[in-house]
file run22.pdb (PDB, C-alpha atoms and all ligand atoms)
ATOM      1  CA  MET V   1     -18.551   9.178  26.161
ATOM      2  CA  LYS V   2     -16.157  11.559  27.871
ATOM      3  CA  ILE V   3     -13.231  13.462  26.383
ATOM      4  CA  GLU V   4     -10.869  11.208  28.381
ATOM      5  CA  ASP V   5     -12.157   8.175  26.464
ATOM      6  CA  PHE V   6     -10.063   9.386  23.520
ATOM      7  CA  ASP V   7      -6.872   9.884  25.556
ATOM      8  CA  LEU V   8      -3.875   7.586  25.363
ATOM      9  CA  GLY V   9      -2.502   9.050  28.581
ATOM     10  CA  THR V  10       0.582  10.500  26.915
ATOM     11  CA  GLN V  11       1.805  14.013  27.521
ATOM     12  CA  ALA V  12       1.462  16.640  24.805
ATOM     13  CA  ARG V  13       4.802  17.732  23.360
ATOM     14  CA  TRP V  14       3.692  20.830  21.454
ATOM     15  CA  CYS V  15       5.123  24.238  22.410
ATOM     16  CA  PRO V  16       3.056  25.710  25.280
ATOM     17  CA  GLY V  17       0.377  27.908  23.690
ATOM     18  CA  CYS V  18       0.469  26.154  20.309
ATOM     19  CA  ALA V  19      -2.935  26.075  18.612
ATOM     20  CA  ASP V  20      -2.455  22.346  17.957
ATOM     21  CA  PHE V  21      -3.764  21.867  21.520
ATOM     22  CA  ASN V  22      -7.048  23.535  20.495
ATOM     23  CA  ILE V  23      -7.432  21.225  17.506
ATOM     24  CA  TRP V  24      -6.753  18.181  19.644
ATOM     25  CA  VAL V  25      -9.460  19.270  22.117
ATOM     26  CA  THR V  26     -12.005  20.039  19.419
ATOM     27  CA  VAL V  27     -11.460  16.792  17.497
ATOM     28  CA  ARG V  28     -12.350  14.881  20.665
ATOM     29  CA  GLN V  29     -15.333  17.152  21.395
ATOM     30  CA  ALA V  30     -16.638  16.606  17.859
ATOM     31  CA  LEU V  31     -16.268  12.819  18.158
ATOM     32  CA  ILE V  32     -18.245  12.838  21.383
ATOM     33  CA  GLU V  33     -20.951  14.992  19.817
ATOM     34  CA  LEU V  34     -21.201  12.520  16.930
ATOM     35  CA  ASN V  35     -21.203   9.570  19.324
ATOM     36  CA  ILE V  36     -18.267   7.935  17.530
ATOM     37  CA  GLN V  37     -16.328   5.474  19.669
ATOM     38  CA  PRO V  38     -12.538   5.023  19.452
ATOM     39  CA  HIS V  39     -12.837   1.641  17.667
ATOM     40  CA  GLU V  40     -15.069   3.207  14.994
ATOM     41  CA  LEU V  41     -12.446   5.738  13.922
ATOM     42  CA  LEU V  42      -9.218   5.663  11.921
ATOM     43  CA  ALA V  43      -7.009   8.763  11.988
ATOM     44  CA  VAL V  44      -4.155   8.957   9.464
ATOM     45  CA  TYR V  45      -1.407  11.539   9.863
ATOM     46  CA  GLY V  46       1.369  12.930   7.728
ATOM     47  CA  ILE V  47       4.634  14.328   9.053
ATOM     48  CA  GLY V  48       4.790  17.575  11.004
ATOM     49  CA  CYS V  49       3.826  19.010  14.380
ATOM     50  CA  HIS V  50       0.216  17.924  13.731
ATOM     51  CA  GLY V  51       1.389  14.289  13.612
ATOM     52  CA  HIS V  52       2.064  14.301  17.328
ATOM     53  CA  MET V  53      -1.680  13.828  17.759
ATOM     54  CA  ALA V  54      -1.069  10.202  16.734
ATOM     55  CA  ASN V  55       0.529   9.667  20.152
ATOM     56  CA  MET V  56      -2.409  11.163  22.012
ATOM     57  CA  LEU V  57      -5.680  10.311  20.269
ATOM     58  CA  LYS V  58      -7.093   6.895  21.143
ATOM     59  CA  CYS V  59      -8.453   5.217  17.996
ATOM     60  CA  TYR V  60      -6.972   3.248  15.102
ATOM     61  CA  GLY V  61      -4.053   5.403  13.985
ATOM     62  CA  PHE V  62      -1.442   5.436  11.254
ATOM     63  CA  GLU V  63       1.406   7.938  10.933
ATOM     64  CA  SER V  64       2.289   7.892   7.250
ATOM     65  CA  LEU V  65       5.048   9.494   5.172
ATOM     66  CA  HIS V  66       5.327  13.215   4.508
ATOM     67  CA  GLY V  67       2.273  14.335   2.518
ATOM     68  CA  ARG V  68       0.839  10.835   2.312
ATOM     69  CA  SER V  69      -1.986  10.825   4.828
ATOM     70  CA  LEU V  70      -4.636  10.961   2.089
ATOM     71  CA  PRO V  71      -3.614   7.934  -0.025
ATOM     72  CA  VAL V  72      -3.366   5.829   3.131
ATOM     73  CA  ALA V  73      -6.751   7.088   4.342
ATOM     74  CA  PHE V  74      -8.235   6.408   0.895
ATOM     75  CA  GLY V  75      -6.917   2.829   0.858
ATOM     76  CA  ALA V  76      -8.250   2.213   4.340
ATOM     77  CA  LYS V  77     -11.663   3.571   3.397
ATOM     78  CA  LEU V  78     -11.844   1.210   0.422
ATOM     79  CA  ALA V  79     -10.804  -1.709   2.615
ATOM     80  CA  ASN V  80     -13.397  -0.921   5.268
ATOM     81  CA  ARG V  81     -16.024   1.634   4.406
ATOM     82  CA  ASN V  82     -17.731   1.106   7.770
ATOM     83  CA  LEU V  83     -14.911   2.990   9.495
ATOM     84  CA  ASN V  84     -15.037   6.738  10.030
ATOM     85  CA  VAL V  85     -11.806   7.906   8.423
ATOM     86  CA  ILE V  86     -10.105  11.230   9.081
ATOM     87  CA  ALA V  87      -6.826  12.449   7.637
ATOM     88  CA  VAL V  88      -4.846  14.965   9.677
ATOM     89  CA  ALA V  89      -2.138  16.964   7.942
ATOM     90  CA  GLY V  90      -0.067  20.126   8.025
ATOM     91  CA  ASP V  91       0.066  22.859   5.386
ATOM     92  CA  GLY V  92       3.552  21.947   4.181
ATOM     93  CA  ASP V  93       2.669  18.286   4.414
ATOM     94  CA  CYS V  94      -0.651  18.473   2.543
ATOM     95  CA  TYR V  95      -0.260  21.442   0.197
ATOM     96  CA  GLY V  96       3.451  20.864  -0.532
ATOM     97  CA  GLU V  97       4.615  17.239  -0.527
ATOM     98  CA  GLY V  98       1.027  15.974  -0.699
ATOM     99  CA  MET V  99      -0.476  18.462  -3.155
ATOM    100  CA  SER V 100      -1.280  15.962  -5.903
ATOM    101  CA  HIS V 101      -2.909  13.638  -3.347
ATOM    102  CA  PHE V 102      -4.981  16.546  -2.069
ATOM    103  CA  ILE V 103      -6.323  17.390  -5.524
ATOM    104  CA  ASN V 104      -6.844  13.813  -6.642
ATOM    105  CA  THR V 105      -8.552  12.652  -3.452
ATOM    106  CA  ALA V 106     -10.905  15.643  -3.639
ATOM    107  CA  ARG V 107     -11.810  14.535  -7.185
ATOM    108  CA  THR V 108     -12.746  11.030  -6.013
ATOM    109  CA  ASN V 109     -15.146  12.284  -3.340
ATOM    110  CA  ALA V 110     -14.054   9.399  -1.103
ATOM    111  CA  ASP V 111     -15.748   9.677   2.276
ATOM    112  CA  ILE V 112     -12.814  11.145   4.219
ATOM    113  CA  ALA V 113     -12.637  14.234   6.443
ATOM    114  CA  LEU V 114      -9.336  16.089   6.051
ATOM    115  CA  ILE V 115      -8.233  18.414   8.861
ATOM    116  CA  VAL V 116      -5.270  20.609   7.931
ATOM    117  CA  HIS V 117      -3.276  22.408  10.633
ATOM    118  CA  ASN V 118      -2.448  25.419   8.489
ATOM    119  CA  ASN V 119       0.156  27.516  10.332
ATOM    120  CA  MET V 120       1.864  28.741   7.156
ATOM    121  CA  VAL V 121       5.298  27.395   8.116
ATOM    122  CA  TYR V 122       7.117  24.084   8.431
ATOM    123  CA  GLY V 123       6.989  24.169  12.253
ATOM    124  CA  LEU V 124       8.598  20.799  13.015
ATOM    125  CA  THR V 125      11.745  21.682  11.079
ATOM    126  CA  THR V 126      11.978  25.129  12.710
ATOM    127  CA  GLY V 127       9.949  27.557  10.674
ATOM    128  CA  GLN V 128      10.851  27.350   6.991
ATOM    129  CA  ALA V 129       8.385  28.898   4.539
ATOM    130  CA  SER V 130       5.601  26.559   3.414
ATOM    131  CA  PRO V 131       3.279  26.652   0.371
ATOM    132  CA  THR V 132       0.785  28.811   2.318
ATOM    133  CA  SER V 133       3.364  31.356   3.596
ATOM    134  CA  ALA V 134       2.528  34.880   2.474
ATOM    135  CA  LYS V 135       4.518  36.452  -0.339
ATOM    136  CA  GLY V 136       7.456  38.232   1.299
ATOM    137  CA  TYR V 137       7.526  35.923   4.361
ATOM    138  CA  LYS V 138      11.113  35.732   5.654
ATOM    139  CA  SER V 139      12.505  32.477   7.004
ATOM    140  CA  LYS V 140      15.826  30.618   7.095
ATOM    141  CA  VAL V 141      15.286  29.325   3.587
ATOM    142  CA  THR V 142      13.803  32.579   2.259
ATOM    143  CA  PRO V 143      16.000  35.341   3.756
ATOM    144  CA  ASP V 144      14.810  37.839   1.130
ATOM    145  CA  GLY V 145      11.199  36.806   1.560
ATOM    146  CA  VAL V 146       9.049  34.309  -0.339
ATOM    147  CA  PHE V 147       8.929  35.279  -4.024
ATOM    148  CA  ASP V 148       5.926  33.220  -5.105
ATOM    149  CA  VAL V 149       2.278  33.610  -4.174
ATOM    150  CA  PRO V 150       0.742  31.269  -1.592
ATOM    151  CA  VAL V 151      -1.543  28.407  -2.596
ATOM    152  CA  ASN V 152      -5.212  28.906  -1.868
ATOM    153  CA  PRO V 153      -6.487  25.636  -0.324
ATOM    154  CA  ILE V 154     -10.131  26.680  -0.395
ATOM    155  CA  ALA V 155     -10.137  27.602  -4.102
ATOM    156  CA  LEU V 156      -8.139  24.473  -4.942
ATOM    157  CA  ALA V 157     -10.520  22.180  -3.072
ATOM    158  CA  ILE V 158     -13.596  23.722  -4.712
ATOM    159  CA  SER V 159     -12.131  23.502  -8.207
ATOM    160  CA  ALA V 160     -10.919  19.920  -7.631
ATOM    161  CA  GLY V 161     -14.459  18.783  -6.831
ATOM    162  CA  ALA V 162     -14.467  18.524  -3.020
ATOM    163  CA  THR V 163     -18.058  18.321  -1.809
ATOM    164  CA  PHE V 164     -17.477  20.025   1.563
ATOM    165  CA  VAL V 165     -15.028  22.908   1.786
ATOM    166  CA  SER V 166     -14.571  24.844   5.008
ATOM    167  CA  ARG V 167     -12.150  26.956   7.007
ATOM    168  CA  ALA V 168     -11.950  27.381  10.766
ATOM    169  CA  PHE V 169      -9.768  29.337  13.197
ATOM    170  CA  ALA V 170      -8.142  27.476  16.091
ATOM    171  CA  GLY V 171      -8.835  30.475  18.364
ATOM    172  CA  ASN V 172     -12.602  29.966  18.034
ATOM    173  CA  ILE V 173     -13.130  26.559  19.614
ATOM    174  CA  PRO V 174     -16.958  26.265  19.378
ATOM    175  CA  HIS V 175     -16.858  27.114  15.670
ATOM    176  CA  LEU V 176     -13.879  24.819  15.031
ATOM    177  CA  LYS V 177     -15.711  21.971  16.729
ATOM    178  CA  GLN V 178     -18.771  22.634  14.595
ATOM    179  CA  MET V 179     -16.699  22.550  11.377
ATOM    180  CA  ILE V 180     -14.918  19.312  12.341
ATOM    181  CA  ALA V 181     -18.214  17.632  13.297
ATOM    182  CA  GLU V 182     -19.880  18.764  10.055
ATOM    183  CA  ALA V 183     -16.913  17.515   8.020
ATOM    184  CA  ILE V 184     -16.942  14.071   9.654
ATOM    185  CA  LYS V 185     -20.717  13.839   9.208
ATOM    186  CA  HIS V 186     -20.525  14.832   5.551
ATOM    187  CA  ARG V 187     -20.800  11.948   3.073
ATOM    188  CA  GLY V 188     -17.822  12.545   0.768
ATOM    189  CA  PHE V 189     -14.522  14.374   0.761
ATOM    190  CA  ALA V 190     -14.557  17.174   3.334
ATOM    191  CA  LEU V 191     -11.855  19.760   4.010
ATOM    192  CA  VAL V 192     -11.423  21.774   7.202
ATOM    193  CA  ASP V 193      -8.516  24.140   6.648
ATOM    194  CA  VAL V 194      -7.674  25.320  10.173
ATOM    195  CA  LEU V 195      -5.894  28.645  10.655
ATOM    196  CA  GLN V 196      -3.556  27.489  13.394
ATOM    197  CA  PRO V 197      -1.120  30.017  14.891
ATOM    198  CA  CYS V 198       2.415  28.626  15.317
ATOM    199  CA  ILE V 199       3.442  30.811  18.223
ATOM    200  CA  THR V 200       7.116  29.855  17.977
ATOM    201  CA  TYR V 201       7.971  30.521  14.338
ATOM    202  CA  ASN V 202       5.226  32.477  12.604
ATOM    203  CA  LYS V 203       5.193  35.959  14.103
ATOM    204  CA  ILE V 204       2.814  37.329  11.462
ATOM    205  CA  ASN V 205      -0.202  35.014  11.476
ATOM    206  CA  THR V 206      -0.727  35.170  15.230
ATOM    207  CA  TYR V 207      -3.868  34.812  17.350
ATOM    208  CA  GLU V 208      -4.151  38.642  17.385
ATOM    209  CA  PHE V 209      -3.806  38.778  13.592
ATOM    210  CA  TYR V 210      -6.785  36.462  13.192
ATOM    211  CA  TYR V 211      -8.910  37.804  16.073
ATOM    212  CA  LYS V 212      -8.964  41.181  14.308
ATOM    213  CA  ARG V 213      -9.919  39.766  10.936
ATOM    214  CA  VAL V 214     -11.972  36.567  10.980
ATOM    215  CA  TYR V 215     -15.727  36.600  10.575
ATOM    216  CA  ARG V 216     -18.205  33.735  10.225
ATOM    217  CA  LEU V 217     -19.868  33.170   6.876
ATOM    218  CA  GLN V 218     -22.958  31.839   8.638
ATOM    219  CA  ASP V 219     -23.482  35.283  10.217
ATOM    220  CA  GLU V 220     -23.913  36.680   6.708
ATOM    221  CA  ASN V 221     -26.363  33.972   5.579
ATOM    222  CA  PHE V 222     -23.859  32.810   3.001
ATOM    223  CA  ASP V 223     -25.283  30.433   0.379
ATOM    224  CA  THR V 224     -23.097  27.299   0.651
ATOM    225  CA  GLY V 225     -24.603  25.751  -2.485
ATOM    226  CA  ASP V 226     -23.322  28.365  -4.917
ATOM    227  CA  LYS V 227     -19.961  27.270  -6.330
ATOM    228  CA  MET V 228     -19.145  30.548  -8.080
ATOM    229  CA  LYS V 229     -19.863  32.599  -4.954
ATOM    230  CA  ALA V 230     -17.777  30.149  -2.925
ATOM    231  CA  MET V 231     -14.897  30.643  -5.326
ATOM    232  CA  GLU V 232     -15.186  34.411  -5.010
ATOM    233  CA  LYS V 233     -15.173  34.173  -1.187
ATOM    234  CA  ALA V 234     -12.150  31.872  -1.305
ATOM    235  CA  PHE V 235     -10.088  34.829  -2.503
ATOM    236  CA  GLU V 236     -11.147  37.197   0.276
ATOM    237  CA  TRP V 237      -8.032  37.621   2.421
ATOM    238  CA  GLY V 238      -7.066  40.939   4.012
ATOM    239  CA  ASP V 239      -8.802  43.068   6.612
ATOM    240  CA  ARG V 240     -11.581  40.471   6.600
ATOM    241  CA  ILE V 241     -11.005  36.714   6.510
ATOM    242  CA  PRO V 242     -14.036  34.428   6.198
ATOM    243  CA  ILE V 243     -14.338  31.202   8.205
ATOM    244  CA  GLY V 244     -17.092  28.617   7.917
ATOM    245  CA  ILE V 245     -18.513  26.460   5.131
ATOM    246  CA  PHE V 246     -17.728  27.861   1.686
ATOM    247  CA  TYR V 247     -19.243  25.077  -0.359
ATOM    248  CA  ARG V 248     -21.268  21.924   0.182
ATOM    249  CA  GLU V 249     -22.973  19.523  -2.212
ATOM    250  CA  GLU V 250     -24.272  15.952  -2.202
ATOM    251  CA  ARG V 251     -22.583  13.630  -4.690
ATOM    252  CA  GLU V 252     -22.039   9.883  -4.909
ATOM    253  CA  THR V 253     -18.882   8.870  -3.065
ATOM    254  CA  TYR V 254     -16.107   6.825  -4.673
ATOM    255  CA  GLU V 255     -17.073   3.791  -2.613
ATOM    256  CA  GLU V 256     -20.683   4.052  -3.783
ATOM    257  CA  SER V 257     -19.741   4.430  -7.452
ATOM    258  CA  PHE V 258     -17.355   1.488  -7.606
ATOM    259  CA  PRO V 259     -19.439  -1.612  -8.575
ATOM    260  CA  GLN V 260     -17.320  -4.069  -6.563
ATOM    261  CA  LEU V 261     -17.520  -1.923  -3.432
ATOM    262  CA  LYS V 262     -21.110  -0.785  -3.610
ATOM    263  CA  GLU V 263     -22.499  -3.560  -1.460
ATOM    264  CA  LYS V 264     -19.538  -4.527   0.690
ATOM    265  CA  SER V 265     -16.132  -3.317   1.786
ATOM    266  CA  LEU V 266     -13.098  -5.218   0.527
ATOM    267  CA  PHE V 267     -12.554  -6.922   3.858
ATOM    268  CA  GLU V 268     -16.073  -8.363   3.764
ATOM    269  CA  GLN V 269     -15.642  -9.981   0.375
ATOM    270  CA  GLY V 270     -14.079 -13.242   1.475
ATOM    271  CA  ILE V 271     -10.975 -13.023  -0.680
ATOM    272  CA  SER V 272      -8.908 -15.131   1.706
ATOM    273  CA  ASN V 273      -9.469 -18.210  -0.544
ATOM    274  CA  VAL V 274      -8.066 -16.493  -3.613
ATOM    275  CA  ASN V 275      -4.936 -18.210  -4.859
ATOM    276  CA  VAL V 276      -2.250 -15.556  -5.010
ATOM    277  CA  ASP V 277       0.633 -17.878  -5.997
ATOM    278  CA  ARG V 278       0.662 -16.719  -9.618
ATOM    279  CA  LEU V 279       0.723 -13.076  -8.569
ATOM    280  CA  MET V 280       3.505 -13.761  -6.092
ATOM    281  CA  GLU V 281       5.519 -15.531  -8.797
ATOM    282  CA  GLU V 282       5.094 -12.669 -11.203
ATOM    283  CA  PHE V 283       5.659  -9.727  -8.876
ATOM    284  CA  VAL V 284       7.691 -10.855  -5.883
TER     285      VAL V 284
HETATM  286 FE1  LIG V 301       3.104  24.402  17.466
HETATM  287 FE2  LIG V 301       4.793  25.818  16.005
HETATM  288 FE3  LIG V 301       5.629  24.658  18.243
HETATM  289 FE4  LIG V 301       4.999  23.194  16.101
HETATM  290  S1  LIG V 301       6.695  24.671  16.262
HETATM  291  S2  LIG V 301       4.414  22.753  18.225
HETATM  292  S3  LIG V 301       3.273  24.348  15.240
HETATM  293  S4  LIG V 301       4.103  26.309  18.088
END

call {"tool": "encode", "arguments": {"input": "run22.pdb", "output": "structure tokens"}}
result
Amino acid sequence: MKIEDFDLGTQARWCPGCADFNIWVTVRQALIELNIQPHELLAVYGIGCHGHMANMLKCYGFESLHGRSLPVAFGAKLANRNLNVIAVAGDGDCYGEGMSHFINTARTNADIALIVHNNMVYGLTTGQASPTSAKGYKSKVTPDGVFDVPVNPIALAISAGATFVSRAFAGNIPHLKQMIAEAIKHRGFALVDVLQPCITYNKINTYEFYYKRVYRLQDENFDTGDKMKAMEKAFEWGDRIPIGIFYREERETYEESFPQLKEKSLFEQGISNVNVDRLMEEFV
């Protein structure tokens, strides 16, 4: 497998220098490392700059509604659990419009890897504050600064029951690739919250901002099996910002717990002979 095997031959439309390019490169590198072929992967997107990857990544793809990448990915996983399923989302998309899906999919522990391009603004619609924008962040819709505190995706994912919770920085490609590969490999719901500088609209959370602050949890021998310590680390944000795996555990996935899905995916269950006339009469 080569990186080109995942290309659709389309030209990237992100702003030159956008960290979305780095995520696109690392997703393909991770897939090659895991020896996953394009036909073995489904990528589901929401709406936002991240969603442009749908036009460039060769695999089964689905661009859903705003904030809805996770329910579509979940449905697809139930229909065919043999597929590797990733959901790709933005911070506004996933932690705003899609917040309830984020929490509820984490609770299910469905085997889905979620990659969030977290640039702390709504980039596609020209830089409005998002749920992860810092308090005081000024934008067109918040001229006096954001009044409320930002959501904390790491703490939310841990408390909702996600079994793999990580953060990466798009300026550290080898580490980002490692996090994406680990998340896809993980059996269960896995989050990679990617700190992704939007060079056009977010002039605070820049590459320089993160280069000065990020450090790798693995360099401090962090215990990824301790939920309380993970929660404590999730709130570290200032002169030092941790990246890496905060929390990881093994737990039965949704597909494995559901009696009708334990042995076979839905598509393998031969339901084509089922008479749906009564259902059609009642509901259509
Ligand atoms: Fe990237 Fe921001 Fe441009 Fe969107 S608006 S493509 S996130 S730099």

call {"tool": "residues_around", "arguments": {"input": "run22.pdb", "residues": "Asp226 in chain V", "least_positions_apart": "4", "cutoff": "12 Å", "atoms": "all atoms listed in the file", "output": "list in words"}}
result
Ile158, Thr163, Val165, Phe222, Ala230, Met231, Glu232, Lys233, Ile245, Phe246, Tyr247, Arg248 and Glu249 of chain V

call {"tool": "residues_around", "arguments": {"input": "run22.pdb", "residues": "range 102-107 of chain V", "least_positions_apart": "4", "cutoff": "9 Å", "atoms": "all atoms listed in the file", "output": "ChimeraX atom specification"}}
result
/V:67,70-71,74,94-95,98,112,156-163,188-191

call {"tool": "residues_near_ligand", "arguments": {"input": "run22.pdb", "ligand": "ligand LIG 301 (chain V)", "cutoff": "6 Å", "atoms": "only C-alpha atoms and all ligand atoms", "output": "ChimeraX atom specification"}}
result
/V:14-15,18,20,49,123-124,198-201

call {"tool": "resolve_selection", "arguments": {"input": "run22.pdb", "expression": "the PyMOL selection byres (((chain V and resi 238) around 12) and not hetatm)", "output": "list in words"}}
result
Ala134, Asn205, Phe209, Tyr210, Lys212, Arg213, Val214, Tyr215, Lys233, Ala234, Phe235, Glu236, Trp237, Asp239, Arg240, Ile241 and Pro242 of chain V

call {"tool": "closest_residue", "arguments": {"input": "run22.pdb", "among": "V:Ala12, V:Val192, V:Met120, V:Val149", "to": "Ala87 in chain V", "atoms": "all atoms listed in the file"}}
result
V:Val192

call {"tool": "resolve_selection", "arguments": {"input": "run22.pdb", "expression": "the PyMOL selection byres (((chain V and resi 254) around 9) and not hetatm)", "output": "list of chain:residue names"}}
result
V:Leu78, V:Thr108, V:Asn109, V:Ala110, V:Asp111, V:Gly188, V:Glu252, V:Thr253, V:Glu255, V:Glu256, V:Ser257, V:Phe258, V:Leu261

call {"tool": "residues_around", "arguments": {"input": "run22.pdb", "residues": "Gly136 in chain V", "least_positions_apart": "4", "cutoff": "10 Å", "atoms": "all atoms listed in the file", "output": "list in words"}}
result
Ala129, Thr142, Pro143, Asp144, Gly145, Val146, Phe147, Asp148 and Val149 of chain V

call {"tool": "write_last_selection", "arguments": {"input": "run22.pdb", "atoms": "C-alpha atoms", "output": "CSV table (one decimal), in the frame of the given file"}}
result
chain,number,residue,atom,x,y,z
V,129,ALA,CA,8.4,28.9,4.5
V,142,THR,CA,13.8,32.6,2.3
V,143,PRO,CA,16.0,35.3,3.8
V,144,ASP,CA,14.8,37.8,1.1
V,145,GLY,CA,11.2,36.8,1.6
V,146,VAL,CA,9.0,34.3,-0.3
V,147,PHE,CA,8.9,35.3,-4.0
V,148,ASP,CA,5.9,33.2,-5.1
V,149,VAL,CA,2.3,33.6,-4.2

call {"tool": "residues_around", "arguments": {"input": "run22.pdb", "residues": "Asp5 in chain V", "least_positions_apart": "4", "cutoff": "9 Å", "atoms": "only C-alpha atoms", "output": "list in words"}}
result
Met1, Arg28, Gln37, Pro38 and Lys58 of chain V

call {"tool": "axis_aligned_box", "arguments": {"input": "run22.pdb", "around": "range 198-202 of chain V", "padding_each_side": "3 Å", "output": "JSON"}}
result
{"center_x": 5.2, "center_y": 30.6, "center_z": 15.4, "size_x": 11.6, "size_y": 9.9, "size_z": 11.6}

call {"tool": "closest_residue", "arguments": {"input": "run22.pdb", "among": "V:Ile47, V:Met280, V:Ala181, V:Ile154", "to": "Ile243 in chain V", "atoms": "only C-alpha atoms"}}
result
V:Ile154

call {"tool": "atom_distance", "arguments": {"input": "run22.pdb", "atom1": "CA of Arg167 in chain V", "atom2": "CA of Gln196 in chain V"}}
result
10.7 Å

call {"tool": "closest_residue", "arguments": {"input": "run22.pdb", "among": "V:Ile184, V:Met56, V:Leu195, V:Met179", "to": "Asn35 in chain V", "atoms": "all atoms listed in the file"}}
result
V:Ile184
